[in-house]
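Enquirer: Once you've had a glance at the structure underneath, I'll fire off some questions.
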Amino acid sequence: QVQLVQSGGGSVQAGGSLRLSCAASGYTGSDGCMGWFRQAPGKEREGVAALSGSSYNTYYSNSVKGRFTIVKDNGRNTLYLQIDSAKPEDTAMYYCAARRSLCFVSTWDSQMYNYWGQGTQVTVSS
């Protein structure tokens with residue numbers, strides 16, 4: 001049984017940093033893709049970062065490129081999202097997700113992801 005358990009998040013002022021964690025069990029991601037999505041109130045869920053398990057290629061949405069970093073610690077089987085230079089528009093519920101298909105196909109289509117974490121709130125104040 002695959003489980004993704006998230007931790008981290010919280011509140012930060014604009015320009016600050018946060019790190020989100022997603023500990024995986026029952027899934028290594030070596031043949032698939034893991035990513036981070038977010039959903040703000042009244043908005044659709046959007047993908048912001050993804051990491052290929054085989055090539056370690058990373059993918060970022062234009063809204064976070066240069067500010068967010070996705071990494072995976074294979075020893076801990078944990079995915080991280082480092083948020084730097086946070087902006088108020090980054091405020092949202094963040095979800096980690098995993099799938100058994102490659103990242104480059106429909107990277108930001110949430111329906112392609114088989115497994116989801118419980119979500120963690122990130123609030124950025126101006």
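Naming works like this for the structure tokens: A, B, ... for the chains as they're shown, residue 1 at the start of each chain, ligands 1 onward in shown order.
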Which polymer residues have any atom within 9 Å of an atom of Leu102 in chain A, counting only C-alpha atoms, with same-chain residues fewer than 4 positions away left out, as a VMD selection string?

Expert: chain A and resid 31 to 33 52 to 54 106 to 107

Enquirer: Would you pick out the contacts of range 10-17 of chain A at 9 Å or less, using only C-alpha atoms, so that residues sharing its chain but fewer than 6 positions from it are not included, and give the list as a PDB file with N, CA, C and O atoms, in the first residue's frame?

Expert:
ATOM      1  N   GLN A  82      11.623  22.883  -1.659  1.00  0.00           N
ATOM      2  CA  GLN A  82      12.198  24.067  -1.045  1.00  0.00           C
ATOM      3  C   GLN A  82      11.588  25.291  -1.701  1.00  0.00           C
ATOM      4  O   GLN A  82      11.670  25.451  -2.923  1.00  0.00           O
ATOM      5  N   ILE A  83      10.969  26.122  -0.887  1.00  0.00           N
ATOM      6  CA  ILE A  83      10.355  27.352  -1.378  1.00  0.00           C
ATOM      7  C   ILE A  83      11.209  28.523  -0.915  1.00  0.00           C
ATOM      8  O   ILE A  83      11.371  28.746   0.283  1.00  0.00           O
ATOM      9  N   ASP A  84      11.766  29.251  -1.838  1.00  0.00           N
ATOM     10  CA  ASP A  84      12.550  30.446  -1.539  1.00  0.00           C
ATOM     11  C   ASP A  84      11.896  31.664  -2.190  1.00  0.00           C
ATOM     12  O   ASP A  84      11.125  31.531  -3.122  1.00  0.00           O
ATOM     13  N   SER A  85      12.251  32.824  -1.698  1.00  0.00           N
ATOM     14  CA  SER A  85      11.676  34.077  -2.222  1.00  0.00           C
ATOM     15  C   SER A  85      10.159  33.963  -2.332  1.00  0.00           C
ATOM     16  O   SER A  85       9.560  34.285  -3.365  1.00  0.00           O
ATOM     17  N   ALA A  86       9.553  33.500  -1.249  1.00  0.00           N
ATOM     18  CA  ALA A  86       8.110  33.248  -1.258  1.00  0.00           C
ATOM     19  C   ALA A  86       7.328  34.527  -1.554  1.00  0.00           C
ATOM     20  O   ALA A  86       7.722  35.634  -1.156  1.00  0.00           O
ATOM     21  N   LYS A  87       6.212  34.346  -2.261  1.00  0.00           N
ATOM     22  CA  LYS A  87       5.333  35.451  -2.616  1.00  0.00           C
ATOM     23  C   LYS A  87       3.937  35.190  -2.050  1.00  0.00           C
ATOM     24  O   LYS A  87       3.546  34.027  -1.885  1.00  0.00           O
ATOM     25  N   PRO A  88       3.171  36.232  -1.781  1.00  0.00           N
ATOM     26  CA  PRO A  88       1.798  36.020  -1.282  1.00  0.00           C
ATOM     27  C   PRO A  88       0.978  35.118  -2.193  1.00  0.00           C
ATOM     28  O   PRO A  88       0.145  34.342  -1.708  1.00  0.00           O
ATOM     29  N   THR A  91       0.520  31.337  -1.553  1.00  0.00           N
ATOM     30  CA  THR A  91      -0.378  30.852  -0.505  1.00  0.00           C
ATOM     31  C   THR A  91      -1.356  29.840  -1.081  1.00  0.00           C
ATOM     32  O   THR A  91      -2.077  30.131  -2.041  1.00  0.00           O
ATOM     33  N   THR A 120      -0.692  20.140   2.939  1.00  0.00           N
ATOM     34  CA  THR A 120      -0.164  20.983   4.001  1.00  0.00           C
ATOM     35  C   THR A 120      -0.315  22.442   3.569  1.00  0.00           C
ATOM     36  O   THR A 120      -0.088  22.782   2.412  1.00  0.00           O
ATOM     37  N   GLN A 121      -0.698  23.289   4.497  1.00  0.00           N
ATOM     38  CA  GLN A 121      -0.983  24.686   4.171  1.00  0.00           C
ATOM     39  C   GLN A 121       0.284  25.525   4.179  1.00  0.00           C
ATOM     40  O   GLN A 121       1.117  25.413   5.098  1.00  0.00           O
ATOM     41  N   VAL A 122       0.429  26.352   3.174  1.00  0.00           N
ATOM     42  CA  VAL A 122       1.496  27.353   3.114  1.00  0.00           C
ATOM     43  C   VAL A 122       0.826  28.718   2.997  1.00  0.00           C
ATOM     44  O   VAL A 122      -0.004  28.929   2.101  1.00  0.00           O
ATOM     45  N   THR A 123       1.186  29.613   3.908  1.00  0.00           N
ATOM     46  CA  THR A 123       0.627  30.957   3.893  1.00  0.00           C
ATOM     47  C   THR A 123       1.772  31.959   3.855  1.00  0.00           C
ATOM     48  O   THR A 123       2.658  31.922   4.708  1.00  0.00           O
ATOM     49  N   VAL A 124       1.757  32.830   2.865  1.00  0.00           N
ATOM     50  CA  VAL A 124       2.793  33.846   2.707  1.00  0.00           C
ATOM     51  C   VAL A 124       2.151  35.208   2.885  1.00  0.00           C
ATOM     52  O   VAL A 124       1.242  35.585   2.147  1.00  0.00           O
ATOM     53  N   SER A 125       2.629  35.936   3.879  1.00  0.00           N
ATOM     54  CA  SER A 125       2.067  37.248   4.172  1.00  0.00           C
ATOM     55  C   SER A 125       2.942  38.351   3.574  1.00  0.00           C
ATOM     56  O   SER A 125       4.169  38.211   3.501  1.00  0.00           O
ATOM     57  N   SER A 126       2.302  39.427   3.170  1.00  0.00           N
ATOM     58  CA  SER A 126       3.041  40.531   2.541  1.00  0.00           C
ATOM     59  C   SER A 126       3.552  41.509   3.579  1.00  0.00           C
ATOM     60  O   SER A 126       3.179  41.470   4.742  1.00  0.00           O
TER      61      SER A 126
END

Enquirer: Please provide as a PyMOL selection string all residues within 12 Å of Tyr80 in chain A, with the sequence filter that same-chain residues fewer than 3 positions apart are discarded (counting only C-alpha atoms).

Expert: chain A and resi 4-9+18-24+34-36+49-51+68-74+76-77+83+94-97

Enquirer: Report the distance between CA of Arg100 in chain A and CA of Gly29 in chain A in Å, rounded to one decimal place.

Expert: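 Between CA of Arg100 in chain A and CA of Gly29 in chain A the gap is 7.1 Å.
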
Enquirer: Restricting the calculation to only C-alpha atoms, which member of A:Leu79, A:Val2, A:Met93, A:Asn62 is positioned closest to Gln39 in chain A?

Expert: A:Met93

Enquirer: Kindly give the distance, in Å, that separates CA of Glu44 in chain A and CA of Ser101 in chain A, rounded to a single decimal.

Expert: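 Distance reported for this atom pair: 22.6 Å.
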
Enquirer: Which one of A:Lys43, A:Gly26, A:Gly75, A:Phe37 sits closest to Tyr60 in chain A if you count only C-alpha atoms?

Expert: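 Looking at the shortest contact to Tyr60 in chain A, the residue is A:Phe37.
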
Enquirer: Grab the CA of Thr78 in chain A to CA of Lys65 in chain A distance for me, in Å with one decimal place.

Expert: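 Atom-to-atom, CA of Thr78 in chain A and CA of Lys65 in chain A are spaced 21.3 Å apart.
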
Enquirer: Write down as number ranges by chain the residues belonging to range 9-111 of chain A that are assigned strand (DSSP E or B) by DSSP computed on the backbone.

Expert: A: 10-13, 18-25, 33-39, 46-52, 58-60, 68-73, 78-83, 92-99

Enquirer: Grab the residues selected above and save them as a PDB file, in the first residue's frame with C-alpha atoms.

Expert:
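Dumped everything to out13.pdb:
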ATOM      1  CA  GLY A  10       3.230  26.930   7.793  1.00  0.00           C
ATOM      2  CA  SER A  11       3.420  30.704   7.602  1.00  0.00           C
ATOM      3  CA  VAL A  12       6.203  32.885   6.286  1.00  0.00           C
ATOM      4  CA  GLN A  13       6.634  36.494   5.265  1.00  0.00           C
ATOM      5  CA  LEU A  18       9.942  27.103   3.679  1.00  0.00           C
ATOM      6  CA  ARG A  19      10.562  23.431   3.108  1.00  0.00           C
ATOM      7  CA  LEU A  20       7.887  20.837   2.565  1.00  0.00           C
ATOM      8  CA  SER A  21       8.518  17.127   3.025  1.00  0.00           C
ATOM      9  CA  CYS A  22       6.751  14.077   1.674  1.00  0.00           C
ATOM     10  CA  ALA A  23       7.752  10.687   3.071  1.00  0.00           C
ATOM     11  CA  ALA A  24       6.806   7.804   0.805  1.00  0.00           C
ATOM     12  CA  SER A  25       6.187   4.212   1.740  1.00  0.00           C
ATOM     13  CA  CYS A  33       7.325  10.590 -11.314  1.00  0.00           C
ATOM     14  CA  MET A  34       6.778  12.508  -8.100  1.00  0.00           C
ATOM     15  CA  GLY A  35       5.569  16.048  -7.902  1.00  0.00           C
ATOM     16  CA  TRP A  36       4.051  18.887  -5.942  1.00  0.00           C
ATOM     17  CA  PHE A  37       0.705  20.504  -6.635  1.00  0.00           C
ATOM     18  CA  ARG A  38      -1.037  23.380  -4.934  1.00  0.00           C
ATOM     19  CA  GLN A  39      -4.571  24.646  -4.673  1.00  0.00           C
ATOM     20  CA  GLU A  46      -2.002  23.344 -10.321  1.00  0.00           C
ATOM     21  CA  GLY A  47       1.255  21.469 -10.640  1.00  0.00           C
ATOM     22  CA  VAL A  48       4.345  23.393  -9.623  1.00  0.00           C
ATOM     23  CA  ALA A  49       7.250  20.938  -9.581  1.00  0.00           C
ATOM     24  CA  ALA A  50       7.984  17.373 -10.652  1.00  0.00           C
ATOM     25  CA  LEU A  51      10.916  15.000 -10.519  1.00  0.00           C
ATOM     26  CA  SER A  52      11.564  12.028 -12.759  1.00  0.00           C
ATOM     27  CA  THR A  58      13.105  18.305 -12.872  1.00  0.00           C
ATOM     28  CA  TYR A  59      10.125  20.248 -14.126  1.00  0.00           C
ATOM     29  CA  TYR A  60       8.816  23.559 -12.836  1.00  0.00           C
ATOM     30  CA  PHE A  68      11.217  26.460  -5.880  1.00  0.00           C
ATOM     31  CA  THR A  69      13.479  23.422  -5.842  1.00  0.00           C
ATOM     32  CA  ILE A  70      12.312  19.804  -5.873  1.00  0.00           C
ATOM     33  CA  VAL A  71      14.681  17.140  -4.604  1.00  0.00           C
ATOM     34  CA  LYS A  72      14.420  13.563  -3.395  1.00  0.00           C
ATOM     35  CA  ASP A  73      16.449  11.833  -0.733  1.00  0.00           C
ATOM     36  CA  THR A  78      11.412  11.449   0.965  1.00  0.00           C
ATOM     37  CA  LEU A  79      10.537  14.164  -1.524  1.00  0.00           C
ATOM     38  CA  TYR A  80      11.170  17.802  -0.646  1.00  0.00           C
ATOM     39  CA  LEU A  81      10.007  21.126  -1.984  1.00  0.00           C
ATOM     40  CA  GLN A  82      12.198  24.067  -1.045  1.00  0.00           C
ATOM     41  CA  ILE A  83      10.355  27.352  -1.378  1.00  0.00           C
ATOM     42  CA  ALA A  92      -2.204  27.563  -1.017  1.00  0.00           C
ATOM     43  CA  MET A  93      -2.655  24.008   0.182  1.00  0.00           C
ATOM     44  CA  TYR A  94       0.255  21.994  -1.139  1.00  0.00           C
ATOM     45  CA  TYR A  95       0.034  18.321  -2.052  1.00  0.00           C
ATOM     46  CA  CYS A  96       2.707  15.839  -2.982  1.00  0.00           C
ATOM     47  CA  ALA A  97       1.782  13.271  -5.577  1.00  0.00           C
ATOM     48  CA  ALA A  98       3.252  10.227  -7.250  1.00  0.00           C
ATOM     49  CA  ARG A  99       2.599   8.207 -10.341  1.00  0.00           C
TER      50      ARG A  99
END

Enquirer: From the list A:Trp108, A:Asn114, A:Asp90, A:Gln1, which residue is nearest Ser61 in chain A when using only C-alpha atoms?

Expert: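 Counting only C-alpha atoms, the residue closest to Ser61 in chain A is A:Trp108.
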